[in-house]
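Novice: One structure follows; several queries about it will come next.
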Amino acid sequence: MLIPFIPLFERWGIECKGIVHCGASSGQERQYYASMGLKKVVWIEAIKEVYDELVRNIAQYPEQIALNACIGSTDGAEVTFNVSNNESQSSSFLQLGDHKTAHPDVHYVRSFTTTTLTLKTILDKAGIKVGEGWVLVADLQGAEMFMLKGAGDLLDKFNACYLEVNTTPVYEGCALKGDIEQYLSQYGFNGVEEHIYHDWHWGDEFFIKNK
């Protein structure tokens, strides 16, 4: 993540007890999360072999669990999920847009068909109850708005959101930074910090809920 969590949470008075991390990859932040003393970390990853690596990587952290699912705005929508050549880090069910110009060395190498589940359904099936002090993290390669719309009133449960955002169509059909800000404002969230790579048109933004 581009903005380190611990000082970020300290600056904004966020007492983080749990994290739902959508777009887990192989759990690169697992040690950092463990150092924060969180009660629960829920990782969600769509690509099965990456999920399997994630499971191995977090095995030593009993407070961290992994779920294999493709997050969307609805349950049961069939999508083609594209896997990228950069250790799957740019993988998405959206096609590459401005990403092709910003990172010309990145391309899709294969794809598979899967069906989406909403974040609410994924957590319900796993018996995960989001509570006071939880933070939503999403690095979904252009699909962040799909996740937010599928979450619905589950967004009311989170104290803060840390999302990857795009300032141009980095992925075809992705929501832009302003769209996400407007949508989250309906749930009482304001963007308070960001780190944007302006040459590449993407970055991270941190949102907190109005008290």
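Labels used: A, B, ... for chains in the order of the structure tokens, numbers from 1 for residues in each chain, and numbers from 1 for ligands as shown.
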Counting only C-alpha atoms, what is within 8 Å of range 194-203 of chain A, bar same-chain residues fewer than 4 positions away, as a list in words?

Specialist: Leu2, Ile3, His99, Ala102, His103, Glu164, Val165, Asn166, Thr167, Thr168 and Val170 of chain A

Novice: As a list in words, please: the residues near Lys40 in chain A (cut-off 12 Å, only C-alpha atoms, same-chain neighbours under 4 positions excluded).

Specialist: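 Returned residues: Cys16, Lys17, Gly18, Ile19, Val20, His21, Arg30, Tyr33, Ala34, Met36, Tyr61, Pro62, Glu63, Gln64, Ile65, Ala66, Ile128, Lys129, Val130, Gly131, Gly133, Trp134 and Val135 of chain A.
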
Novice: Got a sec: who's within 10 Å of range 179-192 of chain A, counting only C-alpha atoms, leaving out chain neighbours fewer than 4 positions off, as a PyMOL selection string?

Specialist: chain A and resi 12+144-145+148-149+152-163+165-167+174-175+205-211

Novice: What is the distance between CA of Asp124 in chain A and CA of Ala46 in chain A, in Å to one decimal?

Specialist: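 Taking CA of Asp124 in chain A as the start and CA of Ala46 in chain A as the end point, the length is 17.1 Å.
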
Novice: State, in Å with one decimal place, the distance from CA of Tyr108 in chain A to CA of Ile47 in chain A.

Specialist: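 Taking CA of Tyr108 in chain A as the start and CA of Ile47 in chain A as the end point, the length is 13.5 Å.
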
Novice: Mind checking which residues fall within 9 Å of Asn86 in chain A, counting only C-alpha atoms, ignoring those fewer than 2 positions away in the same chain, and posting them as a list in words?

Specialist: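 Close residues of Asn86 in chain A: Val83, Ser84, Ser88, Gln89, Ser90, Ser91, Asp105, Val106, His107 and Tyr108 of chain A.
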
Novice: Restricting it to C-alpha atoms, dump the selection as an mmCIF file, in the first residue's frame.

Specialist:
data_model
loop_
_atom_site.group_PDB
_atom_site.id
_atom_site.type_symbol
_atom_site.label_atom_id
_atom_site.label_comp_id
_atom_site.auth_asym_id
_atom_site.auth_seq_id
_atom_site.Cartn_x
_atom_site.Cartn_y
_atom_site.Cartn_z
ATOM 1 C CA VAL A 83 -4.486 -12.931 -15.474
ATOM 2 C CA SER A 84 -1.520 -10.602 -16.053
ATOM 3 C CA SER A 88 -0.837 -11.407 -11.520
ATOM 4 C CA GLN A 89 -0.785 -7.932 -9.951
ATOM 5 C CA SER A 90 -2.754 -6.283 -12.785
ATOM 6 C CA SER A 91 -5.278 -9.109 -13.133
ATOM 7 C CA ASP A 105 5.317 -4.233 -20.483
ATOM 8 C CA VAL A 106 2.193 -5.573 -18.742
ATOM 9 C CA HIS A 107 -0.289 -7.734 -20.610
ATOM 10 C CA TYR A 108 -2.731 -10.564 -20.014
#

Novice: So how many Å separate CA of Asn57 in chain A and CA of Trp43 in chain A, to one decimal?

Specialist: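 Going from CA of Asn57 in chain A over to CA of Trp43 in chain A covers 11.5 Å.
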
Novice: Run DSSP on the backbone and give me the residues of range 138-172 of chain A it puts in helix (DSSP H, G or I), as an mmCIF file with N, CA and C atoms, in the first residue's frame.

Specialist:
data_model
loop_
_atom_site.group_PDB
_atom_site.id
_atom_site.type_symbol
_atom_site.label_atom_id
_atom_site.label_comp_id
_atom_site.auth_asym_id
_atom_site.auth_seq_id
_atom_site.Cartn_x
_atom_site.Cartn_y
_atom_site.Cartn_z
ATOM 1 N N GLU A 144 -13.137 -1.677 -8.167
ATOM 2 C CA GLU A 144 -13.482 -1.231 -6.815
ATOM 3 C C GLU A 144 -14.951 -0.812 -6.696
ATOM 4 N N MET A 145 -15.476 -0.119 -7.702
ATOM 5 C CA MET A 145 -16.870 0.309 -7.617
ATOM 6 C C MET A 145 -17.829 -0.876 -7.661
ATOM 7 N N PHE A 146 -17.504 -1.902 -8.409
ATOM 8 C CA PHE A 146 -18.327 -3.109 -8.422
ATOM 9 C C PHE A 146 -18.423 -3.681 -7.006
ATOM 10 N N MET A 147 -17.289 -3.722 -6.315
ATOM 11 C CA MET A 147 -17.266 -4.217 -4.944
ATOM 12 C C MET A 147 -18.104 -3.340 -4.032
ATOM 13 N N LEU A 148 -17.964 -2.021 -4.144
ATOM 14 C CA LEU A 148 -18.693 -1.101 -3.269
ATOM 15 C C LEU A 148 -20.196 -1.220 -3.482
ATOM 16 N N LYS A 149 -20.625 -1.309 -4.731
ATOM 17 C CA LYS A 149 -22.062 -1.410 -5.001
ATOM 18 C C LYS A 149 -22.629 -2.730 -4.491
ATOM 19 N N GLY A 150 -21.861 -3.794 -4.604
ATOM 20 C CA GLY A 150 -22.312 -5.076 -4.092
ATOM 21 C C GLY A 150 -22.314 -5.149 -2.575
ATOM 22 N N ALA A 151 -21.494 -4.309 -1.945
ATOM 23 C CA ALA A 151 -21.431 -4.314 -0.477
ATOM 24 C C ALA A 151 -22.701 -3.736 0.132
ATOM 25 N N GLY A 152 -23.299 -2.753 -0.544
ATOM 26 C CA GLY A 152 -24.543 -2.159 -0.050
ATOM 27 C C GLY A 152 -24.398 -1.605 1.355
ATOM 28 N N ASP A 153 -25.373 -1.908 2.224
ATOM 29 C CA ASP A 153 -25.365 -1.334 3.568
ATOM 30 C C ASP A 153 -24.296 -1.929 4.472
ATOM 31 N N LEU A 154 -23.550 -2.926 3.961
ATOM 32 C CA LEU A 154 -22.393 -3.406 4.717
ATOM 33 C C LEU A 154 -21.378 -2.287 4.908
ATOM 34 N N LEU A 155 -21.372 -1.310 4.002
ATOM 35 C CA LEU A 155 -20.450 -0.177 4.122
ATOM 36 C C LEU A 155 -20.696 0.610 5.405
ATOM 37 N N ASP A 156 -21.914 0.544 5.930
ATOM 38 C CA ASP A 156 -22.210 1.244 7.173
ATOM 39 C C ASP A 156 -21.418 0.680 8.351
ATOM 40 N N LYS A 157 -20.935 -0.556 8.209
ATOM 41 C CA LYS A 157 -20.239 -1.224 9.309
ATOM 42 C C LYS A 157 -18.778 -0.805 9.435
#

Novice: Taking only C-alpha atoms into account, name the residue in A:Ile6, A:Ser25, A:Asp204, A:Leu54 that is nearest to Gly37 in chain A.

Specialist: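 Looking at the shortest contact to Gly37 in chain A, the residue is A:Ile6.
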
Novice: For Tyr171 in chain A, find every residue with an atom within 6 Å (counting only C-alpha atoms), except residues of its own chain fewer than 3 positions away, and show them as a PDB file with N, CA and C atoms, in the first residue's frame.

Specialist:
ATOM      1  N   GLN A  95     -10.898  -5.198 -19.082  1.00  0.00           N
ATOM      2  CA  GLN A  95      -9.796  -5.140 -20.038  1.00  0.00           C
ATOM      3  C   GLN A  95      -8.871  -3.965 -19.709  1.00  0.00           C
ATOM      4  N   LEU A  96      -7.616  -4.094 -20.069  1.00  0.00           N
ATOM      5  CA  LEU A  96      -6.667  -3.009 -19.863  1.00  0.00           C
ATOM      6  C   LEU A  96      -7.056  -1.800 -20.709  1.00  0.00           C
ATOM      7  N   GLY A  97      -7.015  -0.618 -20.080  1.00  0.00           N
ATOM      8  CA  GLY A  97      -7.279   0.631 -20.780  1.00  0.00           C
ATOM      9  C   GLY A  97      -5.993   1.431 -20.892  1.00  0.00           C
ATOM     10  N   GLY A 142      -9.398  -1.760 -10.917  1.00  0.00           N
ATOM     11  CA  GLY A 142     -10.481  -1.119 -11.645  1.00  0.00           C
ATOM     12  C   GLY A 142     -11.873  -1.571 -11.254  1.00  0.00           C
ATOM     13  N   CYS A 174     -13.803   1.121 -15.828  1.00  0.00           N
ATOM     14  CA  CYS A 174     -13.602   1.309 -14.393  1.00  0.00           C
ATOM     15  C   CYS A 174     -14.176   2.652 -13.941  1.00  0.00           C
TER      16      CYS A 174
END

Novice: Return as a PyMOL selection string the full set of residues in chain A whose backbone-based DSSP assignment is strand (DSSP E).

Specialist: chain A and resi 18-22+40-45+64-68+70-71+78-84+108-117+134-138+160-166+189-197+202-209
